[in-house]
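Reproduced below: final_36.cif, with mmCIF, C-alpha atoms.
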data_entry
#
loop_
_atom_site.label_atom_id
_atom_site.label_comp_id
_atom_site.auth_asym_id
_atom_site.auth_seq_id
_atom_site.Cartn_x
_atom_site.Cartn_y
_atom_site.Cartn_z
CA MET T 1 0.00 0.00 0.00
CA ALA T 2 1.30 3.43 -0.90
CA LEU T 3 1.51 6.32 1.49
CA THR T 4 0.08 9.47 -0.06
CA GLN T 5 -0.19 13.11 0.83
CA THR T 6 -2.85 15.55 -0.38
CA ASP T 7 -1.94 19.20 -0.89
CA LEU T 8 -4.22 22.23 -0.40
CA HIS T 9 -5.52 21.97 -3.97
CA GLY T 10 -6.63 18.35 -3.55
CA ASN T 11 -3.75 16.93 -5.60
CA THR T 12 -2.45 13.62 -4.28
CA THR T 13 1.30 13.06 -4.27
CA LEU T 14 2.80 9.59 -4.02
CA LEU T 15 5.44 9.65 -1.30
CA PHE T 16 6.63 6.05 -1.45
CA GLY T 17 5.48 2.62 -2.42
CA PHE T 18 2.89 1.72 -5.03
CA THR T 19 -0.69 0.53 -5.03
CA ALA T 20 -1.56 -3.16 -5.21
CA SER T 21 -2.98 -2.71 -8.71
CA ASP T 22 0.42 -1.39 -9.88
CA ALA T 23 2.47 -4.16 -8.25
CA PRO T 24 4.14 -6.63 -10.60
CA SER T 25 2.60 -10.07 -10.83
CA ILE T 26 5.36 -12.52 -9.88
CA SER T 27 4.42 -16.03 -8.71
CA GLY T 28 4.85 -16.46 -4.95
CA PHE T 29 6.22 -12.92 -4.52
CA LEU T 30 4.33 -9.99 -3.00
CA ALA T 31 6.15 -6.78 -3.92
CA ARG T 32 6.08 -4.08 -1.25
CA THR T 33 8.69 -1.58 -2.43
CA VAL T 34 10.60 -0.73 -5.57
CA SER T 35 13.81 1.20 -6.04
CA THR T 36 14.43 2.42 -9.58
CA ASN T 37 17.24 4.04 -11.49
CA ASP T 38 15.43 5.36 -14.53
CA ALA T 39 17.67 8.27 -15.44
CA GLU T 40 20.16 6.12 -17.31
CA PRO T 41 20.36 6.34 -21.10
CA GLU T 42 20.10 3.05 -22.93
CA VAL T 43 23.12 3.98 -25.08
CA PHE T 44 26.16 5.91 -23.85
CA VAL T 45 29.31 5.36 -25.91
CA THR T 46 32.41 7.43 -26.53
CA ALA T 47 34.91 7.65 -29.37
CA THR T 48 38.52 8.44 -28.49
CA ASN T 49 41.41 9.89 -30.42
CA GLY T 50 44.86 8.33 -30.73
CA GLU T 51 45.83 9.54 -27.25
CA GLY T 52 42.74 8.11 -25.58
CA HIS T 53 40.91 11.42 -25.11
CA VAL T 54 37.19 11.50 -25.79
CA GLU T 55 36.35 13.24 -29.06
CA ALA T 56 32.70 12.30 -29.45
CA VAL T 57 29.83 10.95 -27.37
CA ALA T 58 26.65 9.20 -28.48
CA VAL T 59 23.77 9.25 -25.99
CA SER T 60 20.28 7.89 -26.63
CA LYS T 61 17.33 10.29 -26.72
CA SER T 62 15.72 11.14 -23.40
CA ALA T 63 12.60 9.19 -24.43
CA ASN T 64 14.74 6.04 -24.62
CA LYS T 65 15.74 5.65 -20.98
CA MET T 66 16.25 2.18 -19.60
CA ILE T 67 14.97 1.37 -16.13
CA ASN T 68 16.86 -0.71 -13.59
CA ALA T 69 14.60 -1.72 -10.71
CA THR T 70 14.95 -3.67 -7.48
CA PHE T 71 11.69 -4.98 -6.07
CA THR T 72 11.59 -6.03 -2.42
CA GLY T 73 8.75 -7.97 -0.87
CA TYR T 74 7.57 -11.03 0.96
CA ILE T 75 7.44 -14.53 -0.46
CA THR T 76 4.82 -17.22 0.04
CA THR T 77 5.41 -20.92 0.64
CA SER T 78 4.83 -21.51 -3.09
CA PHE T 79 7.80 -19.28 -4.08
CA ASN T 80 10.39 -21.14 -6.14
CA PRO T 81 13.11 -18.95 -7.68
CA LEU T 82 13.80 -21.61 -10.32
CA SER T 83 10.25 -21.48 -11.66
CA VAL T 84 9.63 -17.71 -11.55
CA SER T 85 8.80 -16.28 -14.97
CA SER T 86 11.68 -14.36 -16.54
CA THR T 87 9.50 -11.36 -17.48
CA PHE T 88 6.65 -9.23 -16.12
CA SER T 89 4.94 -5.88 -16.69
CA PHE T 90 5.10 -2.94 -14.30
CA LEU T 91 3.52 0.48 -14.87
CA GLY T 92 3.16 -0.11 -18.58
CA ARG T 93 6.74 -1.28 -19.16
CA PHE T 94 8.08 -4.76 -19.97
CA PHE T 95 10.72 -5.95 -17.48
CA MET T 96 13.19 -8.83 -17.64
CA ILE T 97 14.33 -10.42 -14.38
CA LYS T 98 18.10 -10.37 -14.01
CA LYS T 99 18.62 -11.60 -10.46
CA ILE T 100 16.59 -13.11 -7.62
CA GLY T 101 18.12 -12.63 -4.19
CA SER T 102 18.24 -15.36 -1.57
CA PRO T 103 15.22 -15.34 0.76
CA ARG T 104 16.01 -13.78 4.15
CA PRO T 105 14.03 -13.63 7.41
CA LYS T 106 12.22 -10.35 8.04
CA GLY T 107 10.47 -10.68 11.39
CA GLU T 108 7.88 -13.42 11.09
CA PHE T 109 7.91 -13.25 7.29
CA VAL T 110 10.52 -14.07 4.68
CA GLU T 111 11.66 -11.30 2.34
CA CYS T 112 13.30 -11.45 -1.07
CA SER T 113 14.55 -8.95 -3.65
CA ILE T 114 14.25 -9.20 -7.41
CA GLU T 115 16.35 -7.12 -9.80
CA ALA T 116 14.90 -6.39 -13.23
CA GLN T 117 15.62 -4.23 -16.26
CA SER T 118 13.39 -2.58 -18.85
CA PHE T 119 14.36 -1.20 -22.26
CA PRO T 120 12.01 1.32 -23.91
CA LEU T 121 11.61 -0.38 -27.30
CA VAL T 122 11.45 -3.98 -26.03
CA THR T 123 7.79 -4.80 -25.44
CA SER T 124 7.81 -8.60 -25.18
#
So, in terms of structure tokens, how does the structure I just supplied come out?
Amino acid sequence: MALTQTDLHGNTTLLFGFTASDAPSISGFLARTVSTNDAEPEVFVTATNGEGHVEAVAVSKSANKMINATFTGYITTSFNPLSVSSTFSFLGRFFMIKKIGSPRPKGEFVECSIEAQSFPLVTS
């Protein structure tokens, strides 16, 4: 569940978290938080001269930002990292799972983190 704040004009601002309807659907995993790094260009390459100094840079357009995300949440007894789907959708973007962390105790529950990556032109 997301914590929200309403300003004087009635506008709601998301402070942290996301709503259940926005959470990714991953078998046996209940996402509670997400940490994203979505300011990274998909392409960032340099060309150097004979002395190794950068002469040119190619950076993808701002509309083509990739998103690296780490989802943290609780797992159920049916969670099996070997059978988790390798892809899912989140907020209208297609994500590919790169890494599933080892389950770790979190109070009376067991928590896990899943790292995923999304590229703007990859839709399935």
- Any idea what the distance is between atom CA of T:Gln117 and atom CA of T:Asn64?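 Calculated distance between atom CA of T:Gln117 and atom CA of T:Asn64 is 13.3 Å.
Evaluated against this file, the PyMOL selection byres ((chain T and resi 76-80) around 12) yields Ile26, Ser27, Gly28, Phe29, Leu30, Ala31, Gly73, Tyr74, Ile75, Pro81, Leu82, Ser83, Val84, Ser85, Ile100, Gly101, Ser102, Pro103, Phe109, Val110, Glu111 and Cys112 of chain T.
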- Identify which of the residues T:Thr72, T:Ser113, T:Ser118, T:Thr36 lies closest to T:Phe88, counting all atoms listed in the file when measuring atom-to-atom distances.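 That would be T:Ser118, the residue with the smallest distance to T:Phe88.
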- Task: Determine the residue set returned by the PyMOL selection byres ((chain T and resi 39-46) around 8) for the present structure, and present it as a VMD selection string.
- Result: chain T and resid 37 to 38 47 to 48 54 to 62 64 to 67 119
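The space between atom CA of T:Ala23 and atom CA of T:Pro105 spans 21.6 Å.
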- Task: Using atom CA of T:Thr33 and atom CA of T:Ala63 as the two end points, give the distance in Å to one decimal.
- Result: 24.8 Å
- Message: For a quick check of understanding, using only C-alpha atoms, which of T:Ser35, T:Asn49, T:Ser25, T:Thr123 has the smallest distance to T:Phe94?
- Response: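 Answer, going by the shortest atom-to-atom distance: T:Thr123.
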- Message: With the PyMOL selection byres ((chain T and resi 98) around 6) as the selection, what would be picked from this file? Answer as a VMD selection string, please.
- Response: chain T and resid 97 99 115 to 116
Could you save those same residues with C-alpha atoms as an mmCIF file, in the frame of the given file?
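Generated output (result.cif):
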data_model
loop_
_atom_site.group_PDB
_atom_site.id
_atom_site.type_symbol
_atom_site.label_atom_id
_atom_site.label_comp_id
_atom_site.auth_asym_id
_atom_site.auth_seq_id
_atom_site.Cartn_x
_atom_site.Cartn_y
_atom_site.Cartn_z
ATOM 1 C CA ILE T 97 14.330 -10.420 -14.380
ATOM 2 C CA LYS T 99 18.620 -11.600 -10.460
ATOM 3 C CA GLU T 115 16.350 -7.120 -9.800
ATOM 4 C CA ALA T 116 14.900 -6.390 -13.230
#
- Message: I'd like to know which of T:Asp22, T:Asn68, T:Gly107, T:Val34 is closest to T:Gly92, using all atoms listed in the file.
- Response: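 Closest to T:Gly92, using all atoms listed in the file: T:Asp22.
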- Query: For T:Pro24, which residue out of T:Lys106, T:Leu91, T:Glu51, T:Ser86 is the nearest one, using all atoms listed in the file?
  - Reply: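 Among T:Lys106, T:Leu91, T:Glu51, T:Ser86, it is T:Leu91 that comes nearest to T:Pro24.
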